[in-house]
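Asker: Contents of data01.txt (compact mmCIF, C-alpha atoms (C1' of nucleotides)) are given next:
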# COMPACT_ATOMS: atom_id res chain seq x y z
CA MET A 535 6.31 -13.67 -11.60
CA ASN A 536 6.59 -13.45 -15.37
CA ALA A 537 9.40 -15.02 -17.35
CA VAL A 538 11.38 -11.80 -17.86
CA ASP A 539 11.57 -11.17 -14.15
CA VAL A 540 12.85 -14.64 -13.48
CA ARG A 541 15.48 -14.49 -16.20
CA THR A 542 16.69 -11.16 -14.90
CA ARG A 543 16.81 -12.39 -11.33
CA ILE A 544 18.77 -15.50 -12.34
CA LEU A 545 21.25 -13.41 -14.31
CA ARG A 546 21.75 -10.98 -11.47
CA GLU A 547 22.39 -13.68 -8.87
CA ALA A 548 24.59 -15.66 -11.25
CA THR A 549 26.72 -12.59 -11.96
CA ARG A 550 27.14 -11.96 -8.26
CA LEU A 551 28.00 -15.56 -7.39
CA PHE A 552 30.26 -16.13 -10.40
CA ALA A 553 32.19 -12.97 -9.55
CA GLU A 554 32.48 -13.95 -5.91
CA ARG A 555 33.29 -17.68 -6.16
CA GLY A 556 34.01 -18.29 -9.81
CA VAL A 557 31.96 -20.39 -12.21
CA SER A 558 33.37 -23.74 -11.11
CA GLY A 559 32.93 -22.73 -7.48
CA THR A 560 29.25 -22.00 -7.98
CA SER A 561 26.60 -24.72 -8.42
CA ILE A 562 23.53 -24.00 -10.50
CA GLN A 563 21.62 -25.13 -7.43
CA ALA A 564 23.12 -22.21 -5.48
CA VAL A 565 22.12 -19.77 -8.21
CA ALA A 566 18.61 -21.22 -8.35
CA THR A 567 18.19 -20.90 -4.60
CA ALA A 568 19.48 -17.32 -4.62
CA ALA A 569 17.01 -16.49 -7.39
CA GLY A 570 14.16 -18.16 -5.49
CA ILE A 571 13.45 -20.90 -8.03
CA THR A 572 14.34 -24.57 -8.47
CA LYS A 573 17.25 -26.00 -10.45
CA PRO A 574 15.22 -27.44 -13.36
CA THR A 575 13.68 -24.00 -13.87
CA LEU A 576 17.12 -22.49 -14.27
CA VAL A 577 18.07 -25.21 -16.73
CA TYR A 578 14.86 -24.56 -18.64
CA HIS A 579 15.72 -20.87 -19.01
CA PHE A 580 19.38 -21.13 -19.89
CA GLY A 581 19.84 -24.67 -21.17
CA GLY A 582 22.44 -25.59 -18.58
CA LYS A 583 25.37 -24.19 -16.67
CA ASP A 584 27.39 -23.31 -19.72
CA GLY A 585 24.43 -21.49 -21.24
CA LEU A 586 24.12 -19.48 -18.02
CA ARG A 587 27.79 -18.56 -18.05
CA THR A 588 27.56 -17.49 -21.68
CA ALA A 589 24.45 -15.41 -20.98
CA VAL A 590 26.11 -13.65 -18.04
CA LEU A 591 29.11 -12.83 -20.18
CA ALA A 592 26.97 -11.71 -23.11
CA GLU A 593 25.02 -9.33 -20.88
CA PHE A 594 28.27 -7.88 -19.59
CA MET A 595 29.62 -7.37 -23.11
CA ASP A 596 26.37 -5.77 -24.20
CA HIS A 597 26.53 -3.36 -21.34
CA TRP A 598 30.08 -2.44 -22.24
CA ARG A 599 29.27 -2.09 -25.92
CA HIS A 600 26.52 0.40 -25.13
CA GLU A 601 28.51 2.24 -22.48
CA LEU A 602 31.78 2.67 -24.37
CA PRO A 603 30.51 5.06 -27.05
CA LYS A 604 28.89 7.30 -24.41
CA LEU A 605 32.10 7.16 -22.42
CA LEU A 606 34.19 8.19 -25.41
CA THR A 607 31.95 11.03 -26.49
CA ALA A 608 31.69 12.31 -22.93
CA ALA A 609 35.46 12.31 -22.65
CA ALA A 610 35.87 13.97 -26.04
CA SER A 611 33.36 16.72 -25.28
CA GLY A 612 35.81 18.69 -23.20
CA GLY A 613 38.58 18.10 -25.69
CA PRO A 614 40.52 14.86 -25.59
CA ARG A 615 40.98 14.78 -21.82
CA LEU A 616 42.78 11.68 -20.65
CA ASP A 617 41.77 12.17 -17.01
CA SER A 618 38.06 12.04 -17.68
CA LEU A 619 38.49 9.00 -19.89
CA VAL A 620 40.30 7.04 -17.20
CA GLU A 621 37.87 8.33 -14.60
CA ALA A 622 34.94 7.13 -16.69
CA LEU A 623 36.65 3.76 -16.98
CA PHE A 624 36.95 3.57 -13.21
CA ASP A 625 33.36 4.69 -12.79
CA PHE A 626 32.15 1.93 -15.06
CA PHE A 627 33.82 -0.75 -12.98
CA ARG A 628 33.44 0.77 -9.55
CA ARG A 629 29.72 1.18 -10.06
CA ASP A 630 29.68 -2.62 -9.90
CA PRO A 631 33.00 -4.21 -8.88
CA ASP A 632 31.56 -7.62 -9.76
CA ARG A 633 32.13 -6.67 -13.38
CA ALA A 634 35.83 -6.27 -12.79
CA ARG A 635 36.07 -9.53 -10.87
CA LEU A 636 34.09 -11.39 -13.50
CA LEU A 637 36.32 -10.05 -16.24
CA LEU A 638 39.44 -11.04 -14.38
CA ARG A 639 38.11 -14.51 -13.64
CA GLU A 640 37.06 -15.05 -17.22
CA SER A 641 40.47 -13.99 -18.50
CA LEU A 642 41.99 -16.64 -16.24
CA ASP A 643 39.43 -19.39 -16.89
CA ARG A 644 38.70 -18.97 -20.59
CA PRO A 645 41.33 -16.69 -22.06
CA GLU A 646 40.75 -17.62 -25.68
CA GLU A 647 37.00 -17.14 -25.51
CA LEU A 648 37.39 -13.77 -23.83
CA ARG A 649 39.98 -12.70 -26.37
CA THR A 650 37.47 -13.36 -29.15
CA LEU A 651 34.69 -11.48 -27.35
CA LEU A 652 36.91 -8.47 -26.71
CA ARG A 653 38.16 -8.45 -30.25
CA ASP A 654 34.65 -8.31 -31.64
CA SER A 655 32.97 -5.90 -29.26
CA VAL A 656 35.48 -3.43 -27.84
CA GLN A 657 38.45 -3.42 -30.17
CA PRO A 658 36.78 -1.04 -32.64
CA PHE A 659 36.57 1.56 -29.88
CA THR A 660 40.05 1.18 -28.50
CA ALA A 661 41.26 1.60 -32.07
CA LEU A 662 39.78 5.11 -31.98
CA ILE A 663 41.78 5.91 -28.87
CA THR A 664 45.12 4.72 -30.20
CA GLN A 665 44.43 6.57 -33.42
CA ALA A 666 43.85 9.80 -31.49
CA MET A 667 47.04 9.12 -29.55
CA ARG A 668 49.11 8.89 -32.73
CA MET A 669 47.65 12.20 -33.84
CA GLY A 670 48.69 13.66 -30.52
CA GLN A 671 52.19 12.30 -31.05
CA MET A 672 52.47 13.98 -34.43
CA GLN A 673 51.27 17.25 -32.95
CA GLY A 674 53.79 17.00 -30.15
CA ALA A 675 51.28 16.86 -27.30
CA ILE A 676 51.97 13.21 -26.56
CA ARG A 677 55.39 11.78 -25.84
CA GLU A 678 56.99 10.07 -28.83
CA LYS A 679 58.12 7.10 -26.78
CA VAL A 680 54.60 6.07 -25.80
CA ASP A 681 53.52 2.75 -27.29
CA PRO A 682 49.80 3.49 -27.79
CA GLU A 683 48.53 -0.10 -27.83
CA ALA A 684 50.60 -1.20 -24.84
CA PHE A 685 49.73 2.00 -22.97
CA VAL A 686 45.97 1.57 -23.36
CA VAL A 687 46.09 -2.13 -22.45
CA LEU A 688 48.10 -1.33 -19.33
CA VAL A 689 45.82 1.45 -18.15
CA ILE A 690 42.68 -0.63 -18.71
CA SER A 691 43.97 -3.80 -17.09
CA CYS A 692 45.42 -1.81 -14.22
CA ALA A 693 42.07 -0.11 -13.62
CA VAL A 694 40.30 -3.48 -13.69
CA GLY A 695 42.89 -4.87 -11.30
CA VAL A 696 42.54 -1.98 -8.86
CA VAL A 697 38.75 -2.31 -8.68
CA ALA A 698 38.77 -6.13 -8.51
CA VAL A 699 41.54 -6.74 -5.99
CA GLY A 700 42.84 -3.30 -5.00
CA PRO A 701 41.18 -3.39 -1.59
CA PHE A 702 43.12 -6.56 -0.79
CA VAL A 703 46.52 -6.34 -2.46
CA SER A 704 46.87 -3.11 -0.56
CA GLY A 705 47.85 -5.48 2.25
CA LEU A 706 51.28 -5.29 0.63
CA MET A 707 51.78 -1.81 2.03
CA SER A 708 51.61 0.02 5.29
CA PRO A 709 49.73 2.30 5.51
CA GLU A 710 47.39 0.64 3.02
CA PRO A 711 46.54 2.85 0.07
CA SER A 712 42.78 3.12 -0.46
CA VAL A 713 41.17 2.31 -3.78
CA ASP A 714 40.67 6.05 -4.20
CA ALA A 715 44.38 6.61 -3.69
CA GLN A 716 45.24 3.86 -6.18
CA GLN A 717 42.86 5.34 -8.71
CA ALA A 718 44.29 8.83 -8.24
CA GLU A 719 47.85 7.57 -8.57
CA LEU A 720 47.06 5.62 -11.75
CA ILE A 721 45.50 8.72 -13.28
CA ARG A 722 48.55 10.77 -12.30
CA MET A 723 50.94 8.13 -13.64
CA ALA A 724 49.07 7.85 -16.91
CA ARG A 725 48.98 11.61 -17.44
CA VAL A 726 52.64 12.21 -16.68
CA ALA A 727 53.75 9.20 -18.72
CA LEU A 728 51.57 10.18 -21.66
CA LEU A 729 51.88 13.92 -22.11
CA ASN A 730 54.89 16.00 -22.98
CA PRO A 731 55.61 18.56 -20.24
CA PRO A 732 53.90 21.91 -20.97
CA GLY A 733 56.95 24.02 -21.77
CA SER A 734 58.73 21.57 -24.08
CA THR A 735 57.88 23.00 -27.49
CA MET B 1237 60.05 -43.23 -5.06
CA ASN B 1238 60.73 -41.73 -1.65
CA ALA B 1239 58.30 -39.47 0.17
CA VAL B 1240 60.09 -36.22 -0.63
CA ASP B 1241 59.88 -36.90 -4.33
CA VAL B 1242 56.18 -37.59 -4.13
CA ARG B 1243 55.41 -34.50 -2.09
CA THR B 1244 57.35 -32.36 -4.54
CA ARG B 1245 55.63 -33.91 -7.51
CA ILE B 1246 52.19 -33.39 -5.98
CA LEU B 1247 52.99 -29.76 -5.20
CA ARG B 1248 54.28 -29.11 -8.69
CA GLU B 1249 51.23 -30.58 -10.41
CA ALA B 1250 48.85 -28.93 -7.96
CA THR B 1251 50.44 -25.54 -8.60
CA ARG B 1252 50.11 -26.02 -12.32
CA LEU B 1253 46.49 -27.20 -12.20
CA PHE B 1254 45.36 -24.65 -9.58
CA ALA B 1255 46.87 -21.86 -11.69
CA GLU B 1256 45.25 -23.15 -14.86
CA ARG B 1257 41.75 -24.08 -13.63
CA GLY B 1258 41.50 -22.67 -10.14
CA VAL B 1259 41.23 -24.61 -6.91
CA SER B 1260 37.50 -25.30 -7.16
CA GLY B 1261 37.94 -26.31 -10.81
CA THR B 1262 40.56 -28.91 -9.91
CA SER B 1263 39.71 -32.22 -8.23
CA ILE B 1264 42.27 -33.82 -5.96
CA GLN B 1265 41.79 -36.89 -8.17
CA ALA B 1266 43.11 -34.88 -11.12
CA VAL B 1267 46.14 -33.77 -9.12
CA ALA B 1268 46.79 -37.32 -7.94
CA THR B 1269 46.62 -38.69 -11.48
CA ALA B 1270 48.96 -35.97 -12.76
CA ALA B 1271 51.41 -36.82 -9.99
CA GLY B 1272 51.17 -40.54 -10.75
CA ILE B 1273 49.66 -41.61 -7.44
CA THR B 1274 46.20 -42.40 -6.06
CA LYS B 1275 43.85 -40.03 -4.30
CA PRO B 1276 44.18 -41.48 -0.78
CA THR B 1277 47.95 -41.04 -1.07
CA LEU B 1278 47.53 -37.36 -1.75
CA VAL B 1279 45.18 -37.05 1.21
CA TYR B 1280 47.72 -38.88 3.37
CA HIS B 1281 50.44 -36.37 2.45
CA PHE B 1282 48.46 -33.14 2.71
CA GLY B 1283 45.49 -33.98 4.90
CA GLY B 1284 42.91 -33.01 2.30
CA LYS B 1285 42.24 -30.50 -0.44
CA ASP B 1286 42.47 -27.50 1.82
CA GLY B 1287 45.80 -28.68 3.19
CA LEU B 1288 47.07 -29.01 -0.37
CA ARG B 1289 45.95 -25.51 -1.27
CA THR B 1290 47.60 -24.11 1.85
CA ALA B 1291 50.83 -25.98 1.09
CA VAL B 1292 50.93 -24.68 -2.48
CA LEU B 1293 50.44 -21.14 -1.23
CA ALA B 1294 53.00 -21.53 1.54
CA GLU B 1295 55.62 -22.75 -0.94
CA PHE B 1296 54.92 -19.78 -3.16
CA MET B 1297 55.26 -17.34 -0.26
CA ASP B 1298 58.48 -19.01 0.87
CA HIS B 1299 59.91 -18.62 -2.59
CA TRP B 1300 59.02 -14.97 -2.64
CA ARG B 1301 60.34 -14.33 0.85
CA HIS B 1302 63.71 -15.75 -0.18
CA GLU B 1303 63.78 -14.06 -3.57
CA LEU B 1304 62.76 -10.57 -2.49
CA PRO B 1305 65.88 -9.71 -0.48
CA LYS B 1306 68.13 -10.84 -3.36
CA LEU B 1307 66.00 -8.83 -5.73
CA LEU B 1308 66.30 -5.71 -3.62
CA THR B 1309 70.05 -5.95 -3.07
CA ALA B 1310 70.61 -6.68 -6.77
CA ALA B 1311 68.60 -3.60 -7.66
CA ALA B 1312 70.39 -1.48 -5.09
CA SER B 1313 73.86 -2.55 -6.21
CA GLY B 1314 73.84 -0.19 -9.19
CA GLY B 1315 72.37 2.58 -7.11
CA PRO B 1316 68.63 2.69 -6.56
CA ARG B 1317 67.70 1.87 -10.15
CA LEU B 1318 63.98 1.58 -10.65
CA ASP B 1319 64.29 -0.15 -14.02
CA SER B 1320 66.21 -3.09 -12.70
CA LEU B 1321 63.82 -3.46 -9.79
CA VAL B 1322 60.78 -3.65 -12.03
CA GLU B 1323 62.66 -5.89 -14.44
CA ALA B 1324 63.54 -8.25 -11.61
CA LEU B 1325 59.88 -8.26 -10.61
CA PHE B 1326 58.90 -9.24 -14.13
CA ASP B 1327 61.64 -11.88 -14.25
CA PHE B 1328 60.35 -13.44 -11.06
CA PHE B 1329 56.87 -13.89 -12.49
CA ARG B 1330 57.74 -14.57 -16.12
CA ARG B 1331 60.08 -17.35 -15.10
CA ASP B 1332 56.90 -19.14 -14.08
CA PRO B 1333 53.66 -17.40 -15.12
CA ASP B 1334 51.71 -19.89 -13.00
CA ARG B 1335 52.85 -17.86 -10.00
CA ALA B 1336 51.16 -14.78 -11.34
CA ARG B 1337 47.96 -16.65 -12.19
CA LEU B 1338 47.90 -18.35 -8.81
CA LEU B 1339 48.36 -15.03 -7.03
CA LEU B 1340 45.57 -13.44 -9.02
CA ARG B 1341 43.22 -16.36 -8.42
CA GLU B 1342 43.95 -16.40 -4.74
CA SER B 1343 43.29 -12.68 -4.45
CA LEU B 1344 39.87 -13.30 -6.01
CA ASP B 1345 39.01 -16.50 -4.12
CA ARG B 1346 40.41 -15.79 -0.66
CA PRO B 1347 41.20 -12.10 -0.44
CA GLU B 1348 41.38 -11.91 3.32
CA GLU B 1349 43.70 -14.88 3.68
CA LEU B 1350 46.01 -13.52 1.00
CA ARG B 1351 46.02 -10.11 2.62
CA THR B 1352 47.25 -11.65 5.85
CA LEU B 1353 49.94 -13.67 4.08
CA LEU B 1354 51.20 -10.63 2.18
CA ARG B 1355 51.19 -8.50 5.28
CA ASP B 1356 53.38 -10.93 7.16
CA SER B 1357 55.85 -11.96 4.49
CA VAL B 1358 56.24 -9.19 1.93
CA GLN B 1359 55.21 -5.98 3.61
CA PRO B 1360 58.51 -5.56 5.50
CA PHE B 1361 60.32 -5.39 2.17
CA THR B 1362 57.97 -3.08 0.37
CA ALA B 1363 58.32 -0.78 3.36
CA LEU B 1364 62.00 -0.44 2.48
CA ILE B 1365 61.10 0.63 -1.03
CA THR B 1366 58.61 3.29 -0.01
CA GLN B 1367 61.07 4.55 2.57
CA ALA B 1368 63.73 4.94 -0.12
CA MET B 1369 61.18 6.71 -2.28
CA ARG B 1370 60.46 9.30 0.39
CA MET B 1371 64.19 9.93 0.69
CA GLY B 1372 64.29 10.45 -3.06
CA GLN B 1373 61.42 12.90 -2.77
CA MET B 1374 63.25 14.96 -0.15
CA GLN B 1375 66.37 15.00 -2.32
CA GLY B 1376 64.35 16.12 -5.32
CA ALA B 1377 65.06 13.09 -7.51
CA ILE B 1378 61.52 11.78 -7.20
CA ARG B 1379 58.42 13.79 -8.04
CA GLU B 1380 56.68 15.25 -5.01
CA LYS B 1381 53.25 14.21 -6.22
CA VAL B 1382 54.05 10.50 -6.21
CA ASP B 1383 52.08 8.54 -3.61
CA PRO B 1384 54.72 5.92 -2.70
CA GLU B 1385 52.38 3.23 -1.36
CA ALA B 1386 49.87 3.55 -4.19
CA PHE B 1387 52.67 3.71 -6.76
CA VAL B 1388 54.32 0.49 -5.60
CA VAL B 1389 51.01 -1.37 -5.35
CA LEU B 1390 50.09 -0.28 -8.86
CA VAL B 1391 53.39 -1.28 -10.41
CA ILE B 1392 53.38 -4.67 -8.72
CA SER B 1393 49.78 -5.53 -9.49
CA CYS B 1394 50.18 -4.28 -13.02
CA ALA B 1395 53.24 -6.50 -13.53
CA VAL B 1396 51.35 -9.49 -12.13
CA GLY B 1397 48.43 -8.71 -14.40
CA VAL B 1398 50.59 -8.42 -17.49
CA VAL B 1399 52.25 -11.78 -16.89
CA ALA B 1400 49.03 -13.56 -15.91
CA VAL B 1401 46.64 -12.28 -18.55
CA GLY B 1402 48.65 -9.92 -20.75
CA PRO B 1403 48.84 -12.41 -23.63
CA PHE B 1404 45.03 -12.48 -23.75
CA VAL B 1405 43.75 -9.03 -22.86
CA SER B 1406 45.94 -7.84 -25.70
CA GLY B 1407 42.95 -8.97 -27.78
CA LEU B 1408 41.62 -5.50 -26.91
CA MET B 1409 44.03 -3.92 -29.36
CA SER B 1410 45.09 -4.24 -32.94
CA PRO B 1411 47.93 -4.84 -33.51
CA GLU B 1412 48.19 -6.81 -30.27
CA PRO B 1413 51.01 -5.59 -28.02
CA SER B 1414 53.27 -8.46 -26.97
CA VAL B 1415 54.01 -9.16 -23.32
CA ASP B 1416 57.48 -7.74 -23.98
CA ALA B 1417 55.92 -4.54 -25.28
CA GLN B 1418 53.62 -4.32 -22.26
CA GLN B 1419 56.54 -4.86 -19.92
CA ALA B 1420 58.64 -2.22 -21.69
CA GLU B 1421 55.78 0.28 -21.61
CA LEU B 1422 55.12 -0.30 -17.91
CA ILE B 1423 58.80 0.28 -17.14
CA ARG B 1424 58.76 3.45 -19.22
CA MET B 1425 55.54 4.66 -17.57
CA ALA B 1426 56.85 3.95 -14.10
CA ARG B 1427 60.13 5.76 -14.72
CA VAL B 1428 58.60 8.86 -16.28
CA ALA B 1429 55.87 9.05 -13.64
CA LEU B 1430 58.34 8.58 -10.80
CA LEU B 1431 61.39 10.68 -11.57
CA ASN B 1432 61.71 14.40 -11.92
CA PRO B 1433 63.00 15.34 -15.38
CA PRO B 1434 66.83 15.66 -15.42
CA GLY B 1435 67.16 19.43 -15.86
CA SER B 1436 64.60 20.48 -13.28
CA THR B 1437 66.84 21.53 -10.38
C1' DC C 1148 51.63 -45.95 -0.59
C1' DC C 1149 47.15 -48.76 -2.35
C1' DT C 1150 42.29 -51.17 -2.73
C1' DA C 1151 37.73 -50.74 -1.61
C1' DC C 1152 34.27 -48.04 -0.29
C1' DC C 1153 31.14 -43.99 1.67
C1' DG C 1154 27.66 -40.13 1.78
C1' DA C 1155 26.98 -35.80 -0.44
C1' DT C 1156 26.61 -33.04 -4.20
C1' DC C 1157 27.27 -32.23 -8.97
C1' DG C 1158 24.83 -31.09 -13.71
C1' DG C 1159 21.05 -32.56 -16.01
C1' DT C 1160 16.45 -35.24 -17.55
C1' DA C 1161 11.51 -37.07 -17.53
C1' DG C 1162 7.20 -35.83 -17.18
C1' DG C 1163 3.78 -33.02 -16.04
C1' DC D 1294 7.61 -23.35 -13.47
C1' DC D 1295 7.85 -27.82 -10.19
C1' DT D 1296 8.45 -32.89 -8.25
C1' DA D 1297 10.97 -36.83 -8.66
C1' DC D 1298 14.80 -38.90 -10.13
C1' DC D 1299 19.50 -40.28 -12.60
C1' DG D 1300 24.49 -41.44 -13.30
C1' DA D 1301 28.86 -39.36 -12.41
C1' DT D 1302 32.01 -37.28 -9.67
C1' DC D 1303 33.19 -34.90 -5.56
C1' DG D 1304 36.21 -34.97 -1.03
C1' DG D 1305 37.34 -38.13 2.22
C1' DT D 1306 37.77 -42.72 5.26
C1' DA D 1307 38.75 -47.72 6.67
C1' DG D 1308 41.97 -50.84 6.71
C1' DG D 1309 45.91 -52.77 5.40
Take the structure in the file and give it back as structure tokens.
Answerer:
Amino acid sequence: MNAVDVRTRILREATRLFAERGVSGTSIQAVATAAGITKPTLVYHFGGKDGLRTAVLAEFMDHWRHELPKLLTAAASGGPRLDSLVEALFDFFRRDPDRARLLLRESLDRPEELRTLLRDSVQPFTALITQAMRMGQMQGAIREKVDPEAFVVLVISCAVGVVAVGPFVSGLMSPEPSVDAQQAELIRMARVALLNPPGST
Amino acid sequence: MNAVDVRTRILREATRLFAERGVSGTSIQAVATAAGITKPTLVYHFGGKDGLRTAVLAEFMDHWRHELPKLLTAAASGGPRLDSLVEALFDFFRRDPDRARLLLRESLDRPEELRTLLRDSVQPFTALITQAMRMGQMQGAIREKVDPEAFVVLVISCAVGVVAVGPFVSGLMSPEPSVDAQQAELIRMARVALLNPPGST
DNA sequence: CCTACCGATCGGTAGG
DNA sequence: CCTACCGATCGGTAGG
């Protein structure tokens, strides 16, 4: 029962509960119980509820910051393939849907704070993507009418939305489209809306 | 100060506060104060916090149920124009972004309950849209590869997402795409991804 | 529609 | 890392 283990356990349970019920819907007592410790112990490790929330968010951002470069290079390895990029995006979130829910909750609860975090840690990478898109536009591979910044924001937030609430908003339709179907359709939409048709030179 | 006025005022303030801070982040005391009454009065009118939440959601669903038919007929009047349909969807939510935030929060907090509500009140109308889309596919106007159910779910949830958190997730990009730009790009994406190119008969 | 009040739970501290 | 404890606020009730 060393300190690292406890910290990790607290963070894991906090992430799960925050994603499921939101920060204000989760008491630090509930997190402590889930982690198998008492409340004062949690406070000792994270300084209080706000410190815990910050730590959960920081861990998430760290994970993303380390994953994004891999994701980009992997996608670029087979040439600039949009499909694999969007698929990798889905993989990242579907591997742990709590990430998507947490992100969505945070953007509702603390929009300004999240905006700052995103700006600092992921914006440099998305800038690479839009830059590549403008190159593609000059070369004629990508449709001129595409707004690169808006396009990337839409695809990312749509992917997050599908993973976070896709299984439930599908109640809008009959038959309900599975998350797989929603993912496939988003990838299709993005490709068709992005690329010029093959024989249009 | 008749009862109808008070009920309306409570509902309005509750909607605003629930959208901004979430249900669990809003005390009924805060709602009562915002509505200019005391807490027991609120409880008298809505039976408790859960009754208030249900009433807020019911009002929202009612609004949508009445608006959707108008929206569909308006869109159909100029022929089945996708643009105007998506624009009307955006108008509905942008007229009061709290609706979008509330919907997003509810889909995170009470997914099963929302699923049921959507199924009962909106699904009949979305069924009309997917039906029209399949007709379009048989006539060759709409791409064969489109998955109607997944497509409609994606466009709707993406529109909700843009209105609810678009102003903030734009922090991902530089320069930040405005909500207008995100809306325009979604409409462009949806049209290109949906329709067969003009000279493809 | 309000005053007065309740038990339970909240986040957090003292002290070890 | 825990026991014991705190004031504040929570949702809700009694009674008028």
Asker: For the contact check between chain B and chain D, emit one row per residue of chain B within 9 Å, containing the shortest atom pair and the distance in Å rounded to one decimal, counting only C-alpha atoms (C1' of nucleotides), chain then rising number order, as JSON lines.
Answerer:
{"residue": "B:Ser1263", "atom": "CA", "partner": "D:DC1303", "partner_atom": "C1'", "distance": 7.5}
{"residue": "B:Ile1264", "atom": "CA", "partner": "D:DG1304", "partner_atom": "C1'", "distance": 7.9}
{"residue": "B:Pro1276", "atom": "CA", "partner": "D:DG1305", "partner_atom": "C1'", "distance": 8.2}
{"residue": "B:Val1279", "atom": "CA", "partner": "D:DG1305", "partner_atom": "C1'", "distance": 8.0}
{"residue": "B:Gly1284", "atom": "CA", "partner": "D:DG1305", "partner_atom": "C1'", "distance": 7.6}
{"residue": "B:Lys1285", "atom": "CA", "partner": "D:DG1304", "partner_atom": "C1'", "distance": 7.5}
Asker: Using only C-alpha atoms, pick whichever of B:Val1242, B:Leu1253, B:Ala1417, B:Ala1336 has the shortest atom-to-atom distance to chain A.
Answerer: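 When distances to chain A are compared using only C-alpha atoms, the smallest one comes from B:Ala1417.
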Asker: Output as a Markdown table one row per residue of chain A within 7 Å of chain B: the closest atom pair and its distance in Å to one decimal place, counting only C-alpha atoms, sorted by chain and residue number ascending.
Answerer:
| residue | atom | partner | partner_atom | distance |
| --- | --- | --- | --- | --- |
| A:Arg555 | CA | B:Asp1345 | CA | 6.2 |
| A:Ser558 | CA | B:Gly1261 | CA | 5.3 |
| A:Gly559 | CA | B:Ser1260 | CA | 5.3 |
| A:Ser641 | CA | B:Val1401 | CA | 6.4 |
| A:Leu642 | CA | B:Val1401 | CA | 6.8 |
| A:Asp643 | CA | B:Arg1257 | CA | 6.2 |
| A:Pro645 | CA | B:Phe1404 | CA | 5.9 |
| A:Glu646 | CA | B:Phe1404 | CA | 7.0 |
| A:Arg649 | CA | B:Gly1407 | CA | 5.0 |
| A:Leu652 | CA | B:Leu1408 | CA | 5.6 |
| A:Arg653 | CA | B:Gly1407 | CA | 5.4 |
| A:Val656 | CA | B:Leu1408 | CA | 6.5 |
| A:Gln657 | CA | B:Leu1408 | CA | 5.0 |
| A:Thr660 | CA | B:Met1409 | CA | 6.5 |
| A:Ala661 | CA | B:Met1409 | CA | 6.7 |
| A:Asp681 | CA | B:Glu1421 | CA | 6.6 |
| A:Glu683 | CA | B:Pro1413 | CA | 6.0 |
| A:Ala684 | CA | B:Gln1418 | CA | 5.1 |
| A:Phe685 | CA | B:Glu1421 | CA | 6.4 |
| A:Val687 | CA | B:Ser1406 | CA | 6.6 |
| A:Leu688 | CA | B:Gln1418 | CA | 6.9 |
| A:Cys692 | CA | B:Cys1394 | CA | 5.5 |
| A:Val699 | CA | B:Ser1343 | CA | 6.4 |
| A:Phe702 | CA | B:Arg1351 | CA | 5.7 |
| A:Val703 | CA | B:Arg1351 | CA | 6.3 |
| A:Ser704 | CA | B:Val1389 | CA | 6.6 |
| A:Gly705 | CA | B:Arg1351 | CA | 5.0 |
| A:Leu706 | CA | B:Gln1359 | CA | 5.0 |
| A:Met707 | CA | B:Gln1359 | CA | 5.6 |
| A:Pro711 | CA | B:Ala1386 | CA | 5.5 |
| A:Ala715 | CA | B:Ala1386 | CA | 6.3 |
| A:Gln716 | CA | B:Ala1386 | CA | 5.0 |
| A:Glu719 | CA | B:Ala1386 | CA | 6.3 |
| A:Met723 | CA | B:Ala1429 | CA | 5.0 |
| A:Val726 | CA | B:Ala1429 | CA | 5.4 |
| A:Ala727 | CA | B:Met1425 | CA | 5.0 |
Asker: What is the distance, in Å and to one decimal place, between atom CA of Arg668 of chain A and atom CA of Pro732 of chain A?
Answerer: 18.2 Å
Asker: For atom CA of Ala1368 of chain B and atom CA of Leu1431 of chain B, determine how far apart the two atoms are, in Å to one decimal place.
Answerer: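 So the two atoms, atom CA of Ala1368 of chain B and atom CA of Leu1431 of chain B, lie 13.0 Å apart.
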Asker: Separation of atom CA of Leu623 of chain A and atom CA of Leu591 of chain A, in Å?
Answerer: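 Taking atom CA of Leu623 of chain A as the start and atom CA of Leu591 of chain A as the end point, the length is 18.5 Å.
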